[in-house]
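S.K.: Supplied in structure tokens, the structure appears directly below.
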Amino acid sequence: MPPYEALYGRKCRSPVCWEEVGERKILGSELVQQTKDVIQLIQKRLVAAQDRQRKYADLHRKNIEFEVGRNVAYEIALPPHMQHIHNVFHVSMLKKFIPDSNQVIEYEQVEIQPDLSYVEQPIEILDRKEKVLRNRSVPIVKVLWRNPKVEEITWELESDMLEKYPHLFVVGKRVEASSDLRVLALGPNRMARRFSGYVLNGYRFHTKSRDSKCTTQNSSVFLTAETTSFACSKDDNPKVGAVNYYGSVEEIVKVDYWGVFVVVLFRCTWYQEDKDPYGLTKVNFKKTICRSEYYVIASQVQQVFYVEDPTEKMVYYVIKKLPREWCD
């Protein structure tokens with residue numbers, strides 16, 4: 001059984017002998033004559049279409065004269081199998097090119113090896129240390145490599161790098177930046193780690209989502225920052241002073257700077273502060289501030305407790321907390 005008949009449950013009907021179910025089938029000489037008539041009709045329509053296209057092309061055609069010795073802008077050679085289709089190219093069909101710098105794609109020239117690989121080039125040496133083995137120590141260096149539009153840092157043997165790239169070890173008269181400054185200029189690693197809890201400066205910090213599952217409270221934080229304050233929108237003499245901020249930790253992220261050092265960041269939601277008639281500090285969870293400055297360095301914050309106000313919903317009093325192993 002043919003695959004078409006097995007799939008659709010009926011025999012395949014070719015375009016040459018196309019008939020609907022129930023119609024009289026055309027066989028023998030009638031089929032040949034009908035096919036011949038259809039082919040002649042198709043040929044006549046193709047000739048009419050070619051004449052129509054030639055007529056339209058002649059309407060827009062114009063003779064262009066060129067001076068001998070002028071620059072040639074286009075040199076076109078059609079493939080041999082297309083010569084009988086379009087053997088003439090009309091320059092009048094070309095459009096003027098308008099350059100657009102936004103559509104130019106910048107690329108970096110990469111030297112490709114015969115095996116379709118490329119050689120990475122080192123930029124500079126960031127750090128040096130001794131790798132201790134069982135019976136000896138081996139000096140290694142931290143090298144910054146430059147791939148096509150990608151930077152990578154690896155540890156390599158100092159002897160191998162000195163042999164292949166001696167220019168990296170030449171110290172000139174220019175002022176050398178510290179390794180920490182160079183790593184900061186490179187930016188952090190794109191891969192960061194996320195935590196739901198972190199112990200720092202005698203405090204145990206939790207995210208707000210983790211605190212919701214516990215009976216304890218470790219997501220409330222306090223920060224004092226130097227802030228520029230304005231009396232009104234038309235104030236031309238702003239004042240700089242210490243301002244207290246109270247919030248909750250939403251996310252804890254550790255950012256790695258290529259193994260040289262790490263930075264822990266807290267993403268916090270900051271609440272509006274207020275004072276009651278007795279001078280006690282309270283915050284309103286329904287009113288948030290500093291919506292464009294969520295992240296702070298973890299070492300800058302301290303931990304506090306929030307106690308709910310029994311007379312007003314979503315309002316909490318602030319109680320400051322001492323780090324562990326500290327006493328007042």
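Labels used: A, B, ... for chains in the order of the structure tokens, numbers from 1 for residues in each chain, and numbers from 1 for ligands as shown.
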Could you pull out the strand (DSSP E) residues of stretch 198-242 of chain A from DSSP and send them as a list in words?
M.R.: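 Filtering stretch 198-242 of chain A down to strand (DSSP E) leaves Tyr198, Val199, Leu200, Tyr203, Arg204, Phe205, His206, Ser220, Val221, Phe222, Leu223, Thr224, Ala225, Glu226, Thr227, Thr228, Ser229, Lys239, Val240, Gly241 and Ala242 of chain A.
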S.K.: Go ahead and dump the residues you just picked, N, CA and C atoms, as a short mmCIF file (atom, residue, chain, number, x, y, z; two decimals), in the first residue's frame.
M.R.:
```
data_model
loop_
_atom_site.label_atom_id
_atom_site.label_comp_id
_atom_site.auth_asym_id
_atom_site.auth_seq_id
_atom_site.Cartn_x
_atom_site.Cartn_y
_atom_site.Cartn_z
N TYR A 198 22.47 35.32 56.13
CA TYR A 198 23.88 35.66 56.13
C TYR A 198 24.26 36.20 57.50
N VAL A 199 25.42 35.76 58.02
CA VAL A 199 25.93 36.21 59.32
C VAL A 199 27.05 37.20 59.08
N LEU A 200 26.91 38.42 59.65
CA LEU A 200 27.88 39.47 59.40
C LEU A 200 27.87 40.46 60.55
N TYR A 203 25.60 39.94 63.52
CA TYR A 203 24.17 39.84 63.27
C TYR A 203 23.90 38.64 62.35
N ARG A 204 22.75 38.03 62.55
CA ARG A 204 22.27 37.00 61.64
C ARG A 204 21.11 37.60 60.84
N PHE A 205 21.35 37.83 59.55
CA PHE A 205 20.34 38.44 58.69
C PHE A 205 19.60 37.36 57.91
N HIS A 206 18.29 37.53 57.80
CA HIS A 206 17.44 36.67 56.98
C HIS A 206 16.68 37.54 55.99
N SER A 220 14.83 42.76 59.62
CA SER A 220 14.67 44.21 59.81
C SER A 220 16.05 44.85 59.94
N VAL A 221 16.29 45.93 59.18
CA VAL A 221 17.61 46.55 59.14
C VAL A 221 17.48 48.06 59.33
N PHE A 222 18.64 48.64 59.68
CA PHE A 222 18.73 50.07 59.97
C PHE A 222 20.02 50.59 59.35
N LEU A 223 19.97 51.77 58.75
CA LEU A 223 21.13 52.33 58.05
C LEU A 223 21.16 53.84 58.27
N THR A 224 22.36 54.37 58.54
CA THR A 224 22.58 55.81 58.65
C THR A 224 23.44 56.25 57.47
N ALA A 225 22.95 57.20 56.69
CA ALA A 225 23.65 57.63 55.48
C ALA A 225 23.68 59.14 55.40
N GLU A 226 24.75 59.67 54.79
CA GLU A 226 24.85 61.10 54.52
C GLU A 226 23.97 61.44 53.32
N THR A 227 22.96 62.28 53.52
CA THR A 227 21.98 62.58 52.49
C THR A 227 21.83 64.08 52.33
N THR A 228 21.66 64.51 51.10
CA THR A 228 21.41 65.92 50.80
C THR A 228 19.92 66.20 50.93
N SER A 229 19.56 67.16 51.77
CA SER A 229 18.15 67.48 52.03
C SER A 229 17.82 68.87 51.51
N LYS A 239 21.17 71.03 52.44
CA LYS A 239 21.99 70.69 53.60
C LYS A 239 22.32 69.21 53.57
N VAL A 240 23.54 68.90 53.96
CA VAL A 240 24.00 67.52 54.02
C VAL A 240 24.06 67.09 55.47
N GLY A 241 23.40 66.00 55.78
CA GLY A 241 23.38 65.51 57.15
C GLY A 241 23.10 64.03 57.20
N ALA A 242 23.24 63.45 58.39
CA ALA A 242 22.99 62.03 58.60
C ALA A 242 21.49 61.78 58.69
#
```
S.K.: Residues near A:Lys320, anyone? I mean within 8 Å using only C-alpha atoms, not counting same-chain ones fewer than 3 positions away, as a list in words.
M.R.: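 Result of the neighbour search: Gln303, Val304 and Phe305 of chain A.
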S.K.: Rounded to one decimal, what separation in Å do you get between atom CA of A:Lys142 and atom CA of A:Asp127?
M.R.: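 Spanning atom CA of A:Lys142 to atom CA of A:Asp127 is a straight-line distance of 5.0 Å.
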